[in-house]
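Coordinates from model10.cif are shown below (mmCIF, C-alpha atoms).
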data_my_file
loop_
_atom_site.label_atom_id
_atom_site.label_comp_id
_atom_site.auth_asym_id
_atom_site.auth_seq_id
_atom_site.Cartn_x
_atom_site.Cartn_y
_atom_site.Cartn_z
CA MET T 1 101.53 154.51 25.49
CA ALA T 2 103.14 157.69 24.13
CA THR T 3 103.58 158.04 20.40
CA SER T 4 107.16 158.42 19.22
CA ARG T 5 107.94 161.78 17.62
CA THR T 6 109.38 159.94 14.64
CA ASP T 7 106.45 157.66 13.90
CA PRO T 8 105.08 157.77 10.32
CA LEU T 9 101.88 159.62 11.29
CA THR T 10 103.79 162.38 13.09
CA ARG T 11 106.18 162.76 10.13
CA GLU T 12 103.22 163.00 7.75
CA VAL T 13 101.49 165.64 9.91
CA VAL T 14 104.71 167.66 10.14
CA GLU T 15 105.16 167.49 6.35
CA LEU T 16 101.55 168.57 5.79
CA ILE T 17 101.93 171.51 8.18
CA GLY T 18 105.11 172.50 6.34
CA THR T 19 103.30 172.33 2.99
CA VAL T 20 100.41 174.46 4.28
CA VAL T 21 102.83 177.08 5.66
CA ALA T 22 104.87 177.16 2.43
CA ARG T 23 101.74 177.57 0.28
CA TYR T 24 100.41 180.29 2.58
CA TYR T 25 103.67 182.27 2.40
CA GLU T 26 103.90 181.79 -1.37
CA GLU T 27 100.40 183.18 -1.83
CA TYR T 28 101.12 185.98 0.65
CA GLU T 29 104.25 186.99 -1.30
CA GLN T 30 102.25 187.02 -4.56
CA ALA T 31 99.46 189.11 -3.02
CA ALA T 32 102.01 191.53 -1.55
CA ALA T 33 103.76 191.91 -4.92
CA LYS T 34 100.46 192.96 -6.52
CA HIS T 35 100.57 195.95 -4.16
CA SER T 36 104.30 196.53 -4.75
CA LEU T 37 105.10 195.32 -1.24
CA THR T 38 107.47 192.70 0.05
CA GLY T 39 106.01 189.86 2.09
CA ALA T 40 107.56 191.36 5.23
CA GLN T 41 106.02 194.77 4.51
CA ALA T 42 102.63 193.16 3.94
CA ARG T 43 102.88 191.19 7.21
CA VAL T 44 103.75 194.34 9.18
CA LEU T 45 100.91 196.25 7.53
CA GLY T 46 98.49 193.42 8.29
CA LEU T 47 99.61 193.29 11.90
CA LEU T 48 99.25 197.06 12.31
CA SER T 49 95.78 196.96 10.77
CA LEU T 50 94.71 195.05 13.89
CA GLU T 51 96.14 197.66 16.26
CA PRO T 52 98.92 200.27 16.37
CA MET T 53 101.99 199.03 18.20
CA PRO T 54 105.59 199.89 19.05
CA MET T 55 108.41 198.50 16.88
CA ARG T 56 109.63 196.19 19.62
CA ARG T 57 106.24 194.48 19.85
CA ILE T 58 106.03 194.13 16.06
CA ALA T 59 109.47 192.49 16.14
CA GLN T 60 108.36 190.11 18.90
CA LYS T 61 105.24 189.09 17.01
CA LEU T 62 107.15 188.56 13.75
CA LYS T 63 110.12 187.00 15.56
CA CYS T 64 112.71 189.32 14.02
CA GLU T 65 115.09 192.09 15.09
CA PRO T 66 113.62 195.51 15.95
CA SER T 67 116.11 197.16 13.56
CA ASN T 68 114.56 195.15 10.68
CA VAL T 69 111.11 196.37 11.67
CA THR T 70 112.32 199.98 11.74
CA GLY T 71 113.46 199.70 8.11
CA ILE T 72 110.19 198.07 7.06
CA VAL T 73 108.14 200.76 8.81
CA ASP T 74 110.33 203.47 7.23
CA ARG T 75 109.51 202.11 3.76
CA LEU T 76 105.79 201.79 4.58
CA GLU T 77 105.82 205.34 5.93
CA THR T 78 107.43 206.62 2.71
CA ARG T 79 104.53 205.05 0.79
CA GLU T 80 102.06 206.72 3.20
CA LEU T 81 100.73 203.34 4.37
CA VAL T 82 101.95 203.74 7.96
CA GLU T 83 102.61 206.67 10.29
CA ARG T 84 104.44 207.01 13.57
CA ARG T 85 102.61 208.60 16.47
CA LEU T 86 103.14 209.04 20.19
CA ASP T 87 101.61 206.40 22.45
CA PRO T 88 98.85 208.20 24.40
CA SER T 89 99.59 206.05 27.47
CA ASP T 90 103.38 206.67 27.36
CA ARG T 91 104.54 209.66 25.33
CA ARG T 92 108.13 208.33 25.36
CA VAL T 93 107.01 205.46 23.09
CA LYS T 94 106.25 205.80 19.39
CA LEU T 95 103.62 203.58 17.82
CA ALA T 96 103.45 202.52 14.20
CA ALA T 97 99.89 202.83 12.94
CA PRO T 98 98.29 202.34 9.54
CA THR T 99 97.01 205.34 7.65
CA GLU T 100 93.63 205.15 5.93
CA LYS T 101 95.47 204.12 2.75
CA GLY T 102 97.32 201.47 4.77
CA ARG T 103 94.10 200.06 6.26
CA THR T 104 92.57 199.86 2.78
CA THR T 105 95.66 198.12 1.38
CA ALA T 106 95.73 195.66 4.31
CA ALA T 107 92.06 194.82 3.71
CA LEU T 108 92.69 194.27 -0.02
CA LEU T 109 95.61 191.98 0.83
CA ARG T 110 93.53 190.00 3.32
CA ASP T 111 90.68 189.64 0.83
CA SER T 112 92.99 188.40 -1.92
CA LEU T 113 94.32 185.45 0.10
CA GLY T 114 92.22 182.54 -1.10
CA PHE T 115 94.47 179.63 -0.09
CA ALA T 116 93.87 180.00 3.62
CA ARG T 117 90.16 180.70 3.17
CA GLU T 118 89.04 178.35 0.41
CA PRO T 119 90.04 174.97 1.92
CA LEU T 120 88.64 176.08 5.26
CA ALA T 121 85.31 176.88 3.60
CA GLY T 122 84.97 173.16 2.87
CA LEU T 123 85.10 172.33 6.57
CA SER T 124 82.12 172.53 8.88
CA ASP T 125 82.04 175.00 11.78
CA GLU T 126 82.73 172.07 14.10
CA GLU T 127 85.75 170.92 12.05
CA ARG T 128 87.18 174.46 11.91
CA THR T 129 86.70 174.78 15.66
CA VAL T 130 88.52 171.49 16.29
CA LEU T 131 91.34 172.52 13.93
CA ARG T 132 91.65 175.93 15.62
CA ASP T 133 91.72 174.36 19.08
CA LEU T 134 94.33 171.77 18.05
CA LEU T 135 96.54 174.45 16.51
CA LYS T 136 96.23 176.61 19.63
CA ARG T 137 97.13 173.61 21.76
CA MET T 138 100.19 172.93 19.62
CA LEU T 139 101.24 176.55 20.15
CA GLY T 140 100.65 176.35 23.90
CA GLU T 141 97.64 178.66 23.69
CA GLY T 142 94.96 176.18 24.68
CA GLU T 143 92.46 176.62 27.47
CA GLY T 144 93.96 177.44 30.80
CA THR T 145 97.30 178.71 29.42
CA GLY T 146 96.17 182.33 29.27
CA GLY T 147 97.32 182.66 25.67
CA GLY T 148 95.33 184.50 23.07
CA ALA T 149 95.29 184.26 19.33
CA GLY T 150 98.70 184.20 17.71
CA GLY T 151 100.29 187.08 15.89
CA GLY T 152 99.18 186.15 12.56
CA ALA T 153 99.32 189.18 10.16
CA VAL T 154 96.41 188.29 8.06
#
Represent the structure contained in this file as structure tokens.
Amino acid sequence: MATSRTDPLTREVVELIGTVVARYYEEYEQAAAKHSLTGAQARVLGLLSLEPMPMRRIAQKLKCEPSNVTGIVDRLETRELVERRLDPSDRRVKLAAPTEKGRTTAALLRDSLGFAREPLAGLSDEERTVLRDLLKRMLGEGEGTGGGAGGGAV
């Protein structure tokens, strides 16, 4: 028998997920502010610290308009945290990439985020694995779907 999407357990899980997301973003905004960045700038910098990418792909990962990303990258470039460079595989495309200062700042941001890390530290490896797999399944990235890890910036 399928569980209704409006049953009390489902509502509670949805509320808990919302609370986790809100607390994560609140902490992320606070950490960003300590580096004189907006949350959006910090997310872009974190994403670029994983790999350089074109603006369009950044926008897809952050689910926003490419023109917004261009402005964010402009401001990060002014602060010498990001640079634009030609894509070696397609010289018509420009990639945004972190500078050394940008990589250092992204690492400091990542290290200052305790909310996401601390509660997870109280879970066993098996519990964290189950949680990860359930979250991937919710996002349609479970086994057999061909999906990878999400575009999380941190």
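Proximity ranking of T:Met53, T:Pro66, T:Glu100, T:Asp111 relative to Leu86 (chain T) places T:Met53 first, based on only C-alpha atoms.
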Expand the PyMOL selection byres ((chain T and resi 77) around 12) into the individual residues it matches in the shown file, reporting them as a PDB file with C-alpha atoms, in the frame of the given file.
ATOM      1  CA  GLN T  41     106.020 194.770   4.510  1.00  0.00           C
ATOM      2  CA  VAL T  44     103.750 194.340   9.180  1.00  0.00           C
ATOM      3  CA  LEU T  45     100.910 196.250   7.530  1.00  0.00           C
ATOM      4  CA  VAL T  69     111.110 196.370  11.670  1.00  0.00           C
ATOM      5  CA  THR T  70     112.320 199.980  11.740  1.00  0.00           C
ATOM      6  CA  GLY T  71     113.460 199.700   8.110  1.00  0.00           C
ATOM      7  CA  ILE T  72     110.190 198.070   7.060  1.00  0.00           C
ATOM      8  CA  VAL T  73     108.140 200.760   8.810  1.00  0.00           C
ATOM      9  CA  ASP T  74     110.330 203.470   7.230  1.00  0.00           C
ATOM     10  CA  ARG T  75     109.510 202.110   3.760  1.00  0.00           C
ATOM     11  CA  LEU T  76     105.790 201.790   4.580  1.00  0.00           C
ATOM     12  CA  THR T  78     107.430 206.620   2.710  1.00  0.00           C
ATOM     13  CA  ARG T  79     104.530 205.050   0.790  1.00  0.00           C
ATOM     14  CA  GLU T  80     102.060 206.720   3.200  1.00  0.00           C
ATOM     15  CA  LEU T  81     100.730 203.340   4.370  1.00  0.00           C
ATOM     16  CA  VAL T  82     101.950 203.740   7.960  1.00  0.00           C
ATOM     17  CA  GLU T  83     102.610 206.670  10.290  1.00  0.00           C
ATOM     18  CA  ARG T  84     104.440 207.010  13.570  1.00  0.00           C
ATOM     19  CA  ARG T  85     102.610 208.600  16.470  1.00  0.00           C
ATOM     20  CA  ALA T  96     103.450 202.520  14.200  1.00  0.00           C
ATOM     21  CA  ALA T  97      99.890 202.830  12.940  1.00  0.00           C
ATOM     22  CA  PRO T  98      98.290 202.340   9.540  1.00  0.00           C
ATOM     23  CA  THR T  99      97.010 205.340   7.650  1.00  0.00           C
ATOM     24  CA  LYS T 101      95.470 204.120   2.750  1.00  0.00           C
ATOM     25  CA  GLY T 102      97.320 201.470   4.770  1.00  0.00           C
TER      26      GLY T 102
END
- Distance CA of Asn68 (chain T)-CA of Met55 (chain T), one decimal place?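 It comes out at 9.4 Å.
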- Task: Grab the CA of Glu118 (chain T) to CA of Glu51 (chain T) distance for me, in Å with one decimal place.
- Result: 26.0 Å
Around region 22-27 of chain T, fit a box with edges along x, y and z, padding it by 5 Å on each side, then list its centre and edge lengths in Å to one decimal as AutoDock Vina command-line options.
--center_x 102.6 --center_y 180.2 --center_z 0.4 --size_x 14.5 --size_y 16.0 --size_z 14.4
- For Arg56 (chain T), which of T:Leu139, T:Ala22, T:Leu131, T:Leu95 is the closest residue, counting all atoms listed in the file?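 Checking each candidate against Arg56 (chain T), we get T:Leu95 as the closest.
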- Note on the structure: Using all atoms listed in the file, the shortest atom-to-atom distance to Phe115 (chain T) among T:Gly140, T:Ser89, T:Arg23, T:Ser36 belongs to T:Arg23
Using only C-alpha atoms, what does the table of region 40-101 of chain T residues within 10 Å of region 30-35 of chain T look like, with each row giving the shortest atom pair and its distance in Å to one decimal, sorted by chain and ascending number, as CSV?
residue,atom,partner,partner_atom,distance
T:Ala40,CA,T:Ala32,CA,8.8
T:Gln41,CA,T:Ala32,CA,8.0
T:Ala42,CA,T:Ala32,CA,5.8
T:Arg43,CA,T:Ala32,CA,8.8
- Could you work out how far CA of Leu108 (chain T) lies from CA of Leu37 (chain T), giving the answer in Å with one decimal?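 According to the coordinates, CA of Leu37 (chain T) and CA of Leu108 (chain T) are separated by 12.5 Å.
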